[in-house]
Structure formats: structure tokens, C-alpha cells
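**Q** Contents of coords-v7.cif (mmCIF, C-alpha atoms and all ligand atoms) are below:
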```cif
data_start
loop_
_atom_site.label_atom_id
_atom_site.label_comp_id
_atom_site.auth_asym_id
_atom_site.auth_seq_id
_atom_site.Cartn_x
_atom_site.Cartn_y
_atom_site.Cartn_z
CA MET A 1 78.24 -222.31 -178.39
CA SER A 2 76.08 -220.47 -175.93
CA GLU A 3 73.69 -223.45 -176.07
CA LEU A 4 76.53 -225.33 -174.42
CA PHE A 5 76.56 -222.92 -171.50
CA GLY A 6 72.75 -222.74 -171.45
CA GLU A 7 72.36 -226.51 -171.48
CA HIS A 8 74.67 -226.84 -168.48
CA ALA A 9 73.92 -223.45 -166.93
CA GLU A 10 74.01 -224.40 -163.27
CA ARG A 11 77.05 -226.67 -163.57
CA TYR A 12 78.96 -224.08 -165.60
CA ALA A 13 78.14 -221.28 -163.15
CA ASP A 14 79.37 -223.41 -160.22
CA TYR A 15 82.54 -224.37 -162.10
CA ALA A 16 83.30 -220.81 -163.22
CA GLU A 17 82.81 -219.41 -159.73
CA ASN A 18 85.97 -221.02 -158.33
CA SER A 19 87.88 -222.63 -161.22
CA GLY A 20 91.59 -221.78 -161.41
CA PRO A 21 91.45 -220.16 -164.88
CA ASN A 22 88.45 -217.98 -163.97
CA ALA A 23 89.13 -217.12 -160.34
CA HIS A 24 92.93 -216.90 -160.33
CA TYR A 25 93.75 -215.81 -163.84
CA ASP A 26 90.92 -214.24 -165.83
CA ARG A 27 88.96 -212.20 -163.28
CA PRO A 28 92.00 -210.63 -161.54
CA ALA A 29 93.45 -209.56 -164.90
CA ILE A 30 90.13 -208.16 -166.16
CA LEU A 31 89.53 -206.24 -162.92
CA ARG A 32 93.05 -204.82 -162.91
CA LEU A 33 92.78 -203.67 -166.53
CA ALA A 34 89.31 -202.20 -165.91
CA GLY A 35 90.81 -199.87 -163.26
CA GLY A 36 88.81 -197.94 -160.65
CA LEU A 37 85.12 -198.75 -161.10
CA ALA A 38 83.38 -196.79 -158.34
CA GLY A 39 80.29 -195.14 -159.82
CA LYS A 40 81.15 -196.31 -163.36
CA GLN A 41 78.58 -197.59 -165.84
CA VAL A 42 79.85 -201.02 -166.87
CA LEU A 43 78.50 -203.15 -169.71
CA GLU A 44 79.49 -206.78 -169.25
CA LEU A 45 79.29 -209.01 -172.32
CA GLY A 46 78.81 -212.73 -171.73
CA SER A 47 78.00 -212.34 -168.04
CA ALA A 48 77.19 -216.06 -167.65
CA GLY A 49 76.22 -216.89 -164.05
CA GLY A 50 77.38 -213.51 -162.73
CA GLY A 51 80.75 -214.59 -161.25
CA LEU A 52 82.65 -211.62 -162.66
CA THR A 53 79.60 -209.36 -162.32
CA ALA A 54 79.64 -209.82 -158.55
CA GLN A 55 83.24 -208.54 -158.43
CA LEU A 56 82.53 -205.61 -160.75
CA ALA A 57 79.57 -204.63 -158.57
CA ALA A 58 81.64 -205.06 -155.40
CA ALA A 59 84.14 -202.59 -156.90
CA GLY A 60 81.33 -200.02 -157.06
CA ALA A 61 80.25 -200.37 -160.72
CA GLU A 62 76.68 -200.19 -161.96
CA VAL A 63 76.63 -203.25 -164.17
CA LEU A 64 74.39 -204.34 -167.01
CA GLY A 65 75.25 -207.93 -167.90
CA LEU A 66 74.27 -209.41 -171.27
CA ASP A 67 74.28 -213.07 -172.17
CA ARG A 68 72.63 -215.20 -174.82
CA GLY A 69 71.87 -217.99 -172.35
CA ALA A 70 68.42 -217.27 -170.88
CA ASP A 71 69.01 -219.84 -168.09
CA LEU A 72 72.29 -218.16 -167.19
CA VAL A 73 70.62 -214.75 -167.11
CA GLN A 74 67.95 -216.15 -164.73
CA LEU A 75 70.65 -217.70 -162.56
CA ALA A 76 72.67 -214.47 -162.46
CA ARG A 77 69.55 -212.47 -161.51
CA LYS A 78 68.79 -214.94 -158.70
CA ARG A 79 72.37 -214.86 -157.44
CA LEU A 80 72.95 -211.11 -157.54
CA GLY A 81 69.47 -209.71 -156.83
CA ALA A 82 69.57 -205.91 -156.91
CA ARG A 83 73.37 -205.72 -157.18
CA ALA A 84 73.32 -205.76 -161.02
CA ARG A 85 70.95 -205.87 -163.99
CA PHE A 86 70.97 -208.68 -166.55
CA GLU A 87 69.35 -209.05 -169.95
CA THR A 88 69.27 -211.82 -172.51
CA ALA A 89 70.98 -210.66 -175.70
CA ASP A 90 72.87 -212.07 -178.67
CA LEU A 91 76.09 -210.11 -179.14
CA ASN A 92 75.82 -210.65 -182.91
CA GLU A 93 72.77 -208.35 -182.86
CA PRO A 94 72.53 -204.58 -182.19
CA LEU A 95 72.62 -203.74 -178.47
CA THR A 96 69.35 -201.80 -178.60
CA MET A 97 69.00 -201.86 -174.80
CA VAL A 98 72.16 -199.74 -174.35
CA PRO A 99 71.89 -195.98 -175.07
CA SER A 100 74.64 -194.30 -177.10
CA ALA A 101 77.60 -192.82 -175.15
CA SER A 102 76.25 -194.24 -171.87
CA THR A 103 78.99 -196.72 -170.91
CA ASP A 104 82.28 -196.01 -169.13
CA VAL A 105 83.74 -199.51 -169.38
CA ALA A 106 82.73 -202.46 -171.55
CA VAL A 107 84.04 -205.80 -170.28
CA ALA A 108 84.13 -208.94 -172.40
CA SER A 109 85.72 -211.77 -170.45
CA LEU A 110 86.23 -214.95 -172.51
CA VAL A 111 83.30 -214.36 -174.83
CA LEU A 112 84.56 -212.73 -178.06
CA HIS A 113 86.01 -216.01 -179.35
CA TYR A 114 82.42 -217.25 -179.74
CA LEU A 115 81.77 -214.59 -182.39
CA GLU A 116 82.96 -215.21 -185.94
CA ASP A 117 82.75 -211.56 -187.00
CA TRP A 118 83.74 -208.92 -184.42
CA GLY A 119 82.93 -205.97 -186.70
CA PRO A 120 79.23 -205.43 -185.85
CA LEU A 121 79.77 -205.80 -182.08
CA LEU A 122 82.80 -203.49 -182.02
CA ALA A 123 80.79 -200.87 -183.93
CA GLU A 124 78.04 -201.20 -181.34
CA LEU A 125 80.51 -200.89 -178.46
CA HIS A 126 81.99 -197.78 -180.06
CA ARG A 127 78.46 -196.34 -180.12
CA CYS A 128 77.68 -197.36 -176.50
CA LEU A 129 80.94 -196.14 -174.93
CA LYS A 130 81.49 -192.56 -173.83
CA PRO A 131 84.44 -190.82 -175.54
CA GLY A 132 87.51 -191.99 -173.61
CA GLY A 133 85.62 -195.06 -172.38
CA THR A 134 87.42 -198.39 -172.42
CA LEU A 135 86.85 -201.89 -173.73
CA VAL A 136 88.62 -204.57 -171.68
CA PHE A 137 88.54 -208.14 -172.92
CA SER A 138 90.14 -211.57 -172.71
CA VAL A 139 90.12 -214.23 -175.41
CA HIS A 140 91.65 -217.68 -175.78
CA HIS A 141 95.23 -217.03 -176.82
CA PRO A 142 95.76 -217.05 -180.62
CA ILE A 143 98.87 -219.26 -180.25
CA THR A 144 96.92 -221.93 -178.39
CA GLY A 145 94.11 -221.65 -180.94
CA TRP A 146 96.56 -222.21 -183.76
CA LEU A 147 98.03 -225.28 -182.03
CA ARG A 148 94.49 -226.70 -181.61
CA SER A 149 93.63 -226.13 -185.29
CA ASP A 150 94.56 -228.45 -188.17
CA ARG A 151 97.16 -225.78 -189.08
CA THR A 152 96.07 -225.55 -192.71
CA ASP A 153 95.95 -221.75 -192.89
CA TYR A 154 97.03 -219.49 -190.03
CA HIS A 155 95.49 -216.42 -191.65
CA ARG A 156 91.88 -217.54 -191.64
CA VAL A 157 89.29 -217.27 -188.86
CA GLU A 158 88.10 -220.79 -188.13
CA LEU A 159 86.15 -222.90 -185.66
CA ILE A 160 88.17 -225.10 -183.33
CA SER A 161 87.06 -227.30 -180.46
CA GLU A 162 88.34 -227.99 -176.98
CA ASP A 163 87.30 -230.37 -174.18
CA TRP A 164 86.78 -228.93 -170.70
CA ASP A 165 86.34 -230.59 -167.34
CA TRP A 166 83.57 -228.75 -165.48
CA ASN A 167 83.75 -230.20 -161.99
CA GLY A 168 83.92 -233.78 -163.27
CA LYS A 169 81.78 -233.40 -166.42
CA THR A 170 83.59 -233.29 -169.76
CA VAL A 171 82.04 -230.89 -172.24
CA THR A 172 83.25 -229.90 -175.68
CA GLY A 173 83.32 -226.24 -176.56
CA ARG A 174 83.70 -224.76 -180.02
CA MET A 175 85.18 -221.32 -180.61
CA TYR A 176 86.70 -219.19 -183.35
CA ARG A 177 90.44 -218.80 -183.43
CA ARG A 178 91.86 -215.87 -185.37
CA PRO A 179 95.31 -214.61 -186.24
CA VAL A 180 96.90 -212.04 -183.92
CA SER A 181 96.60 -209.31 -186.57
CA ALA A 182 92.83 -209.89 -186.86
CA VAL A 183 92.39 -209.20 -183.13
CA PHE A 184 94.04 -205.79 -183.37
CA THR A 185 93.00 -204.78 -186.89
CA SER A 186 89.32 -205.20 -186.03
CA LEU A 187 89.75 -202.90 -183.02
CA LEU A 188 91.59 -200.27 -185.05
CA GLU A 189 89.04 -200.45 -187.88
CA ALA A 190 86.24 -199.87 -185.36
CA GLY A 191 87.94 -196.67 -184.18
CA PHE A 192 89.57 -197.92 -180.97
CA ALA A 193 93.12 -197.17 -179.82
CA ILE A 194 95.05 -200.06 -178.24
CA ASP A 195 95.99 -199.09 -174.68
CA ALA A 196 97.31 -202.30 -173.09
CA VAL A 197 98.11 -205.86 -174.13
CA GLU A 198 98.82 -208.45 -171.44
CA GLU A 199 99.64 -212.13 -171.02
CA PRO A 200 99.33 -212.25 -167.24
CA GLN A 201 100.46 -214.62 -164.52
CA PRO A 202 97.89 -216.30 -162.27
CA THR A 203 97.35 -215.00 -158.76
CA PRO A 204 98.35 -217.33 -155.89
CA GLY A 205 95.93 -220.03 -154.80
CA VAL A 206 95.49 -222.29 -157.86
CA GLU A 207 94.88 -225.62 -156.13
CA ASP A 208 95.99 -228.03 -158.88
CA PRO A 209 99.79 -227.79 -159.30
CA GLU A 210 99.61 -228.92 -162.94
CA LEU A 211 97.04 -226.25 -163.77
CA ASP A 212 99.17 -223.71 -161.93
CA ARG A 213 102.15 -224.72 -164.07
CA ILE A 214 100.12 -224.42 -167.28
CA LEU A 215 98.80 -220.97 -166.32
CA ARG A 216 102.31 -219.79 -165.45
CA THR A 217 104.18 -221.15 -168.45
CA THR A 218 101.89 -221.39 -171.51
CA PRO A 219 99.89 -218.84 -173.56
CA VAL A 220 96.39 -219.40 -172.17
CA PHE A 221 94.40 -216.18 -172.60
CA LEU A 222 95.22 -212.80 -174.19
CA TYR A 223 94.12 -209.52 -172.54
CA VAL A 224 93.53 -206.20 -174.27
CA ARG A 225 92.37 -202.75 -173.15
CA ALA A 226 91.22 -200.46 -175.96
CA VAL A 227 90.07 -196.85 -175.72
CA ARG A 228 87.19 -195.28 -177.65
C1 LIG A 301 83.19 -218.38 -170.74
S1 LIG A 301 81.66 -217.68 -170.41
C2 LIG A 301 82.04 -216.12 -169.64
C3 LIG A 301 82.37 -216.26 -168.19
C4 LIG A 301 82.24 -214.99 -167.41
N1 LIG A 301 83.09 -213.96 -167.97
C5 LIG A 301 82.61 -215.23 -165.94
O1 LIG A 301 83.68 -214.77 -165.49
O2 LIG A 301 81.83 -215.92 -165.25
C6 LIG A 301 81.09 -217.19 -171.99
C7 LIG A 301 79.66 -216.67 -171.98
O3 LIG A 301 79.41 -216.06 -173.23
C8 LIG A 301 78.07 -216.33 -173.59
N2 LIG A 301 77.94 -216.17 -175.05
C9 LIG A 301 78.52 -216.92 -176.03
N3 LIG A 301 78.15 -216.46 -177.25
C10 LIG A 301 77.33 -215.40 -177.04
C11 LIG A 301 76.62 -214.50 -177.89
N4 LIG A 301 76.67 -214.61 -179.23
N5 LIG A 301 75.86 -213.54 -177.32
C12 LIG A 301 75.79 -213.42 -175.98
N6 LIG A 301 76.44 -214.22 -175.11
C13 LIG A 301 77.19 -215.21 -175.63
C14 LIG A 301 77.83 -217.74 -173.11
O4 LIG A 301 76.44 -217.99 -172.94
C15 LIG A 301 78.60 -217.75 -171.79
O5 LIG A 301 77.80 -217.42 -170.71
#
```
For the file at hand, write its structure as C-alpha cells.
Ligand SMILES: C[S@@+](CC[C@H](N)C(=O)[O-])C[C@H]1O[C@@H](n2cnc3c(N)ncnc32)[C@H](O)[C@@H]1O
**A**
Amino acid sequence: MSELFGEHAERYADYAENSGPNAHYDRPAILRLAGGLAGKQVLELGSAGGGLTAQLAAAGAEVLGLDRGADLVQLARKRLGARARFETADLNEPLTMVPSASTDVAVASLVLHYLEDWGPLLAELHRCLKPGGTLVFSVHHPITGWLRSDRTDYHRVELISEDWDWNGKTVTGRMYRRPVSAVFTSLLEAGFAIDAVEEPQPTPGVEDPELDRILRTTPVFLYVRAVR
């Protein structure tokens, strides 16, 4: 999956910067759930081209962004300069670059659905977060994932695919859909408490009226804040 983003790094970064789902739906919800960030140590998972990172840094956070796409990490470094740090990392592997109990807020915007097994990463985040620290994330909504699957077995975790239009280029993404209970059980098993669950509305300014309608009326992404 990350090869998809890596292969089209520049085009994806440009698309994500201003696209309706990212700019008017995902980032505002993530920033709101993350709360006051001035002086906070923020670990951003799946930082891509740094679109969300720029807003986290502008809110006063000291951000370390991790992404598997080396091209995206280069792009994010070029775009943000000294405003944030970025490292190439696979979230399926231990986060050896992050000291224990060093992170105030871990942010995972639209990345966890690329991981089949959340257990190892959630254990790592529990280690990296300070006591009372928060994990804020968004994932493709489980209802939409179910509708995109062949609907053989709701209770399994399975790969599904979806076509996206990135500024005129159609690309096919593959991601794991999981049942609602799997989202929350994995957090609870890793020692987190669930603090907020949201299915937000977009902020004003979505240019395409049809996209605006979809964002307002269908289950697009699911948002969770969990506390260590
Ligand atoms: C949808 S993008 C995130 C967009 C970003 N939150 C923003 O607002 O610009 C998903 C990112 O997750 C990264 N990714 C996917 N699987 C990963 C993995 N196993 N380890 C690290 N990064 C991964 C991809 O390379 C991609 O940059």
C-alpha cells in the first residue's frame, strides 16, 4: 500500500494538501480531537507529504513524522524544513527511534487501515506515550469498508480495494477493513481507555457539491481518541 503513495509521492502530496476529504474533513477533526498542542511532543504516523504535520507544527507541537514512503519523507523534509522532523519507518516494526514515555500525543490520520494487525503498533504506542497521553486517529469507516467488501464474513479482517481520483489520475488503493468491535477491542487490549468517538461533519469550503453531500451524509471516516 505505501508503495502506492511512494510511487506517486509528489502527486499524492499535492492532492492531499487541498482535497476535500483531507483539508475539510480529516485534518480539522484530527486537530480538534488532538486539543491544545503548544509545546507538546507529537508523534505523527503516516505523515505522507507533511500536510497535516504543517498544521500540527503551526499549533505549536514538536512533531516527529514517520512514514514508510522514503520519497514522501524526503518531500516532507523539503516542504517543512526545520518546522518538523521526519523519519522513514514501517509501522509494523518497533518504533526504536522513539524513547519510552516521551510522547504527549500520537496522531494517526488515515493510516491504520493499511495495517493488518494493530496489536504490535498499539503496544509500541503505549510504550512511547506518557501516562495520560493520547492517541488520536482516523480510519476509513467500518460501514463503508463492509459495503466495499464481498460481504462474505463481517467478522474477519480483510483486504478491500478502492479507486481514488488524485487530481485527475485514478489510482487503486488497498486497505484492511475490520469490524467495529475489532477497532475498539484492540485499543482496550493494548491498555488504552476510549475517550472520544466521532463521525464528524466537514468544515465549510468543499468545492465539489457532490463530495460535500457525501461527506455530510455518509459514513466516510471514523475518529477515535484513546488515552494511555
Ligand atoms: C492517506 S496517507 C496519510 C495522509 C496524511 N495523514 C495527511 O494528512 O497528509 C497514508 C500514509 O500512510 C503511509 N503508510 C502506509 N502504510 C504504512 C506503514 N506500514 N508504515 C508507515 N507508513 C505507512 C503511506 O505511505 C501514506 O503516506
**Q** Between chain A and ligand LIG 301 (chain A), at 8 Å or less, what are the per-residue closest atom pairs and their distances in Å? Count all atoms listed in the file, order by chain and rising residue number, and return it as CSV.
**A**
```
residue,atom,partner,partner_atom,distance
A:Met1,CA,A:LIG301,C9,5.9
A:Ser2,CA,A:LIG301,O4,3.9
A:Glu3,CA,A:LIG301,O4,6.9
A:Leu4,CA,A:LIG301,O4,7.5
A:Phe5,CA,A:LIG301,O4,5.1
A:Gly6,CA,A:LIG301,O4,6.2
A:Ala13,CA,A:LIG301,O2,6.8
A:Ala16,CA,A:LIG301,O2,5.5
A:Glu17,CA,A:LIG301,O2,6.6
A:Asn22,CA,A:LIG301,O1,5.9
A:Ala23,CA,A:LIG301,O1,7.9
A:Asp26,CA,A:LIG301,O1,7.3
A:Arg27,CA,A:LIG301,O1,6.3
A:Leu45,CA,A:LIG301,N6,6.6
A:Gly46,CA,A:LIG301,O3,3.7
A:Ser47,CA,A:LIG301,C4,5.0
A:Ala48,CA,A:LIG301,O5,3.4
A:Gly49,CA,A:LIG301,O2,5.8
A:Gly50,CA,A:LIG301,O2,5.7
A:Gly51,CA,A:LIG301,O2,4.4
A:Leu52,CA,A:LIG301,O1,4.4
A:Thr53,CA,A:LIG301,O1,7.5
A:Leu66,CA,A:LIG301,C12,6.4
A:Asp67,CA,A:LIG301,N6,3.8
A:Arg68,CA,A:LIG301,C12,3.8
A:Gly69,CA,A:LIG301,O4,4.6
A:Leu72,CA,A:LIG301,O5,6.6
A:Thr88,CA,A:LIG301,C12,7.6
A:Ala89,CA,A:LIG301,C12,5.6
A:Asp90,CA,A:LIG301,N5,3.6
A:Leu91,CA,A:LIG301,N5,3.9
A:Asn92,CA,A:LIG301,N4,5.5
A:Ala108,CA,A:LIG301,N1,6.8
A:Ser109,CA,A:LIG301,N1,4.2
A:Leu110,CA,A:LIG301,C1,4.9
A:Val111,CA,A:LIG301,O3,4.5
A:Leu112,CA,A:LIG301,N3,7.5
A:Tyr114,CA,A:LIG301,N3,5.0
A:Leu115,CA,A:LIG301,N4,6.0
```
**Q** Keeping only C-alpha atoms, write those residues as a compact mmCIF listing (two decimals), in the frame of the given file.
**A**
```txt
# COMPACT_ATOMS: atom_id res chain seq x y z
CA MET A 1 78.24 -222.31 -178.39
CA SER A 2 76.08 -220.47 -175.93
CA GLU A 3 73.69 -223.45 -176.07
CA LEU A 4 76.53 -225.33 -174.42
CA PHE A 5 76.56 -222.92 -171.50
CA GLY A 6 72.75 -222.74 -171.45
CA ALA A 13 78.14 -221.28 -163.15
CA ALA A 16 83.30 -220.81 -163.22
CA GLU A 17 82.81 -219.41 -159.73
CA ASN A 22 88.45 -217.98 -163.97
CA ALA A 23 89.13 -217.12 -160.34
CA ASP A 26 90.92 -214.24 -165.83
CA ARG A 27 88.96 -212.20 -163.28
CA LEU A 45 79.29 -209.01 -172.32
CA GLY A 46 78.81 -212.73 -171.73
CA SER A 47 78.00 -212.34 -168.04
CA ALA A 48 77.19 -216.06 -167.65
CA GLY A 49 76.22 -216.89 -164.05
CA GLY A 50 77.38 -213.51 -162.73
CA GLY A 51 80.75 -214.59 -161.25
CA LEU A 52 82.65 -211.62 -162.66
CA THR A 53 79.60 -209.36 -162.32
CA LEU A 66 74.27 -209.41 -171.27
CA ASP A 67 74.28 -213.07 -172.17
CA ARG A 68 72.63 -215.20 -174.82
CA GLY A 69 71.87 -217.99 -172.35
CA LEU A 72 72.29 -218.16 -167.19
CA THR A 88 69.27 -211.82 -172.51
CA ALA A 89 70.98 -210.66 -175.70
CA ASP A 90 72.87 -212.07 -178.67
CA LEU A 91 76.09 -210.11 -179.14
CA ASN A 92 75.82 -210.65 -182.91
CA ALA A 108 84.13 -208.94 -172.40
CA SER A 109 85.72 -211.77 -170.45
CA LEU A 110 86.23 -214.95 -172.51
CA VAL A 111 83.30 -214.36 -174.83
CA LEU A 112 84.56 -212.73 -178.06
CA TYR A 114 82.42 -217.25 -179.74
CA LEU A 115 81.77 -214.59 -182.39
```
**Q** Hey, which of A:Ala123, A:Val42, A:Ala182, A:Leu222 ends up closest to A:Ala196? Count all atoms listed in the file.
**A** A:Leu222
**Q** Please, which residues are within 9 Å of (90.6, -218.8, -178.6) by the file's coordinates, counting only C-alpha atoms, and could they come as a list of chain:residue names?
**A**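 Residues found, by chain and rising number: A:Leu110, A:Leu112, A:His113, A:Tyr114, A:Val139, A:His140, A:His141, A:Pro142, A:Ile143, A:Thr144, A:Gly145, A:Trp146, A:Ile160, A:Met175, A:Tyr176, A:Arg177, A:Arg178, A:Val220, A:Phe221, A:Leu222.
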**Q** As an exercise, work out the distance from atom CA of A:Leu135 to atom CA of A:Asp117 in Å and give it to one decimal place.
**A**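 Going from atom CA of A:Leu135 over to atom CA of A:Asp117 covers 16.9 Å.
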**Q** Between atom CA of A:Val73 and atom CA of A:Asp14, measure the distance and give it in Å to one decimal.
**A**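 These two atoms are separated by 14.1 Å.
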**Q** Please measure the separation of atom CA of A:Glu189 and atom CA of A:Ala226, giving the value in Å to one decimal.
**A** 12.1 Å
**Q** With a distance cut-off of 9 Å and only C-alpha atoms, select the neighbouring residues of A:His126, excluding the residue or stretch itself and same-chain residues fewer than 5 positions from it, and output the selection as a list in words.
**A**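 Near neighbours after the sequence-gap exclusion: Ser100, Ala101, Leu121, Pro131, Gly133, Leu135, Ala190, Gly191, Phe192 and Arg228 of chain A.
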**Q** Smallest atom-to-atom distance to A:Ile30: which of A:Ile194, A:Ile214, A:Val136, A:Ala59, using only C-alpha atoms?
**A**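 Going through A:Ile194, A:Ile214, A:Val136, A:Ala59 one by one, the smallest distance to A:Ile30 is for A:Val136.
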**Q** Nearest to A:Thr185: which of A:Gly119, A:Gly81, A:Gly132, A:Pro28 is it, counting all atoms listed in the file?
**A** A:Gly119
**Q** Neighbours of A:Ser19 within 9 Å (all atoms listed in the file; same-chain residues fewer than 4 positions away dropped), as a list in words?
**A**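 Final neighbour list, sorted by chain and number: Asp14, Tyr15, Ala23, His24, Trp166, Asn167 and Val206 of chain A.
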